[in-house]
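Here is the structure we will look at.
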Amino acid sequence: MSTTLITGGTVVTSTGRSAADVLIEGERIAAVLAPGSTLLGHDLAGSVDTVLDAAGKYVVPGGIDAHTHMQMPFGGTEASDTFETGTRAAAWGGTTTIVDFAIQRYGERVMDGLAQWHEKAAGECAVDYGFHQIVGDVNDDSLKAMAGLIDEGVSSYKLFMAYPGVFYSDDAQIYKAMRVGAETGLMTMMHAENGPAIDAMVSELLAQGKTDPYYHGVARAWQMEEEATHRAIMLANLTNAPLYVVHVSAKQAVEQLAAARDNGQNVFGETCPQYLYLNLEDQLGAEGFEGAKWVCSTPLRSKHEHHQDHMWQSLRTNDIQMVATDHCPFCMKGQKDMGVGDFSKIPNGIGSVEHRMDLMYQGVVDGKISLERWVEITSTTPARMFGMYGTKGVIAPGADADVVIYDPAGHTSIGLEKTHHMNMDYSAWEGYEIDGHVDTVLSRGRILINDNEYLGAKGHGQYVRRAPSQYLI
């Protein structure tokens with residue numbers, strides 16, 4: 001069994017920071033020791049296989065991106081990152097666990113969809129992975145299958161209030177599924193947008209000749225997100241089901257979540273880096289067809305309405321509990337350009353799995369969140385929210401040795417030919433400069449990244465069987 005000692009660093013958790021050394025035996029953390037401790041011997045550094053010097057650096061639990069879509073079919077194409085390329089990019093950015101989405105489509109069976117995603121991921125991943133289950137066809141057979149998901153290590157499922165004819169569930173279907181969620185302990189994840197109304201707005205805009213990517217954001221108006229979020233909250237209240245709203249982008253939707261939580265309801269929300277940094281005018285409204293790079297759903301919001309500032313505030317106040325990416329990358333050539341002349345045909349998605357930890361750390365540098373909150377929203381809360389805490393999301397004896405050594409004095413330039421390992425022909429974050437750097441990444445004790453060198457391999461990542469949420473009120 002190999003042993004590693006991380007010395008001289010500052011261990012940062014969701015509740016504080018302290019100078020400490022971290023001893024790793026095999027795949028797990030064996031001890032967290034005061035600097036210079038002789039508890040395990042007078043020459044601990046001389047007795048281990050590997051010593052990693054973290055002097056002047058932060059030692060944090062590996063990032064958990066709880067919302068990714070590797071190899072996801074969408075809009076007549078498929079997300080460009082495979083489980084191999086996407087998890088390798090995740091490792092480069094300090095993310096050591098992803099939770100992807102297995103898909104059940106109309107006319108298919110839930111467990112068949114889960115089995116298909118297991119086949120896609122098995123033996124391919126550089127980091128550990130789990131699954132949520134998309135239930136795209138709520139029927140009697142699906143409802144019965146949902147009751148067995150927890151036995152498969154899948155403790156959450158996702159419904160869509162958008163995309164009629166693809167994934168859409170009506171209110172009756174949502175009610176029935178939430179009943180099962182309440183009975184079994186499954187977390188209901190919700191894409192909260194009023195899909196039928198959005199489709200009507202899309203048709204109107206296209207008929208008026210408004211075909212540029214900018215109008216993707218216009219069609220998916222914030223009112224459609226707020227309304228659907230409120231409706232999902234009310235259905236969850238009626239059924240007593242825990243509810244997690246994905247990719248929240250509108251400040252009005254946050255207000256709905258905050259009000260429900262103030263009333264003691266088990267309602268939670270995630271946002272994504274794109275809703276903290278990017279906006280309708282500067283990105284979706286870029287010249288020509290360039291705005292297609294940033295087409296995603298929910299869409300980027302107007303900078304003039306201050307949604308981005310409100311998202312940062314909601315992270316500070318815990319009205320939004322965590323940050324994921326909704327990583328669903330598509331190349332411009334041959335994929336995004338399917339929507340030239342018709343924004344509704346642009347595949348929806350942005351690639352960010354490599355940059356989430358850095359982008360959120362920049363929030364620390366800029367004074368928007370604390371160092372501890374950075375760890376909390378990128379690792380500890382995702383672990384608790386989705387039933388992995390204790391094994392993941394913490395630096396403590398017995399936990400998996402998923403550890404990132406982060407240099408606050410380092411620097412990261414994001415963009416093609418700079419820092420970019422995702423399988424995409426452009427970067428949604430081109431030109432972003434980060435006042436920090438991922439120096440070393442360990443996954444279950446194995447060094448994946450060290451001194452700008454990739455030492456990992458596909459097949460290292462293991463499937464994570466998740467328990468019910470540990471974050472309920």
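Residues are referred to by chain and number: the chain letter is A, B, ... according to the order shown in the structure tokens, the number counts from 1 in that chain, and ligands are numbered separately from 1 in the order shown.
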Need to verify the contact set: stretch 18-23 of chain A, 10 Å, only C-alpha atoms, exclusion of same-chain residues closer than 5 positions in sequence. Can you return it as a PyMOL selection string? chain A and resi 3-13+28-37+40+44-45+48+51-56+58-59+395-397+401+403+445
Members of stretch 259-323 of chain A assigned strand (DSSP E) by DSSP, as a VMD selection string
chain A and resid 267 to 271 322 to 323
Mind writing the picked residues with N, CA and C atoms as a compact mmCIF listing (two decimals), in the first residue's frame?
```txt
# COMPACT_ATOMS: atom_id res chain seq x y z
N VAL A 267 -36.12 22.65 -0.16
CA VAL A 267 -35.95 23.17 -1.52
C VAL A 267 -34.53 23.73 -1.63
N PHE A 268 -33.87 23.39 -2.71
CA PHE A 268 -32.47 23.77 -2.89
C PHE A 268 -32.26 24.24 -4.32
N GLY A 269 -31.16 24.97 -4.53
CA GLY A 269 -30.86 25.45 -5.87
C GLY A 269 -29.38 25.43 -6.16
N GLU A 270 -29.07 25.24 -7.43
CA GLU A 270 -27.69 25.30 -7.91
C GLU A 270 -27.62 26.41 -8.95
N THR A 271 -26.48 27.06 -9.01
CA THR A 271 -26.19 27.92 -10.15
C THR A 271 -24.90 27.44 -10.79
N MET A 322 -25.04 25.63 -4.00
CA MET A 322 -23.82 25.08 -4.60
C MET A 322 -23.69 25.50 -6.06
N VAL A 323 -22.52 25.23 -6.61
CA VAL A 323 -22.22 25.58 -8.00
C VAL A 323 -21.80 24.33 -8.75
```
Which residues of stretch 361-391 of chain A come within 12 Å of stretch 176-194 of chain A, and for each one, what is the closest pair of atoms and their distance in Å to one decimal, counting only C-alpha atoms, sorted by chain and residue number, as JSON lines?
```
{"residue": "A:Met385", "atom": "CA", "partner": "A:Met187", "partner_atom": "CA", "distance": 8.9}
{"residue": "A:Phe386", "atom": "CA", "partner": "A:Met187", "partner_atom": "CA", "distance": 8.2}
{"residue": "A:Gly387", "atom": "CA", "partner": "A:Met187", "partner_atom": "CA", "distance": 10.1}
```
Prev. selection, C-alpha atoms, output as a CSV table (one decimal), in the first residue's frame:
```
chain,number,residue,atom,x,y,z
A,385,MET,CA,-26.6,17.1,-1.2
A,386,PHE,CA,-26.1,13.9,-3.2
A,387,GLY,CA,-25.3,11.4,-0.5
```
For A:Ile346, the closest of A:Asn279, A:Ser297, A:Gln321, A:Ser47 counting only C-alpha atoms is A:Ser297
Selection near A:Leu257, 12 Å with only C-alpha atoms, sequence-local residues under 6 positions removed, as a PyMOL selection string:
chain A and resi 192+225-234+236-237+243-246+248+250-251+263-270+314+318-321
Subject >> Spatial neighbours of A:Ala399, 9 Å, only C-alpha atoms, chain gap at least 6 places, as a PyMOL selection string >> reply: chain A and resi 27-30+389-393+444
Can I get the selected residues back with N, CA, C and O atoms, as an mmCIF file, in the first residue's frame?
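Saved result, out30.cif, follows:
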```cif
data_model
loop_
_atom_site.group_PDB
_atom_site.id
_atom_site.type_symbol
_atom_site.label_atom_id
_atom_site.label_comp_id
_atom_site.auth_asym_id
_atom_site.auth_seq_id
_atom_site.Cartn_x
_atom_site.Cartn_y
_atom_site.Cartn_z
ATOM 1 N N GLU A 27 -5.819 4.424 -0.817
ATOM 2 C CA GLU A 27 -6.814 5.290 -1.435
ATOM 3 C C GLU A 27 -7.480 6.253 -0.454
ATOM 4 O O GLU A 27 -8.310 7.055 -0.862
ATOM 5 N N ARG A 28 -7.122 6.169 0.824
ATOM 6 C CA ARG A 28 -7.841 6.952 1.816
ATOM 7 C C ARG A 28 -6.917 7.838 2.654
ATOM 8 O O ARG A 28 -5.716 7.603 2.747
ATOM 9 N N ILE A 29 -7.500 8.839 3.249
ATOM 10 C CA ILE A 29 -6.785 9.705 4.177
ATOM 11 C C ILE A 29 -6.660 8.964 5.502
ATOM 12 O O ILE A 29 -7.649 8.487 6.069
ATOM 13 N N ALA A 30 -5.444 8.862 5.981
ATOM 14 C CA ALA A 30 -5.197 8.140 7.229
ATOM 15 C C ALA A 30 -5.170 9.066 8.434
ATOM 16 O O ALA A 30 -5.597 8.680 9.529
ATOM 17 N N TYR A 389 -21.152 12.454 1.300
ATOM 18 C CA TYR A 389 -20.322 13.113 2.306
ATOM 19 C C TYR A 389 -19.762 12.098 3.300
ATOM 20 O O TYR A 389 -20.435 11.154 3.710
ATOM 21 N N GLY A 390 -18.529 12.341 3.702
ATOM 22 C CA GLY A 390 -17.803 11.424 4.577
ATOM 23 C C GLY A 390 -16.780 10.653 3.777
ATOM 24 O O GLY A 390 -15.625 10.503 4.194
ATOM 25 N N THR A 391 -17.216 10.197 2.606
ATOM 26 C CA THR A 391 -16.290 9.586 1.657
ATOM 27 C C THR A 391 -15.718 10.637 0.724
ATOM 28 O O THR A 391 -14.531 10.639 0.410
ATOM 29 N N LYS A 392 -16.578 11.533 0.289
ATOM 30 C CA LYS A 392 -16.187 12.638 -0.589
ATOM 31 C C LYS A 392 -16.460 13.964 0.119
ATOM 32 O O LYS A 392 -17.224 14.037 1.072
ATOM 33 N N GLY A 393 -15.821 15.020 -0.367
ATOM 34 C CA GLY A 393 -16.148 16.367 0.077
ATOM 35 C C GLY A 393 -15.519 16.813 1.377
ATOM 36 O O GLY A 393 -15.885 17.863 1.912
ATOM 37 N N ARG A 444 -8.382 9.432 -4.961
ATOM 38 C CA ARG A 444 -8.227 8.192 -4.189
ATOM 39 C C ARG A 444 -6.738 7.838 -4.051
ATOM 40 O O ARG A 444 -6.334 6.696 -4.230
#
```
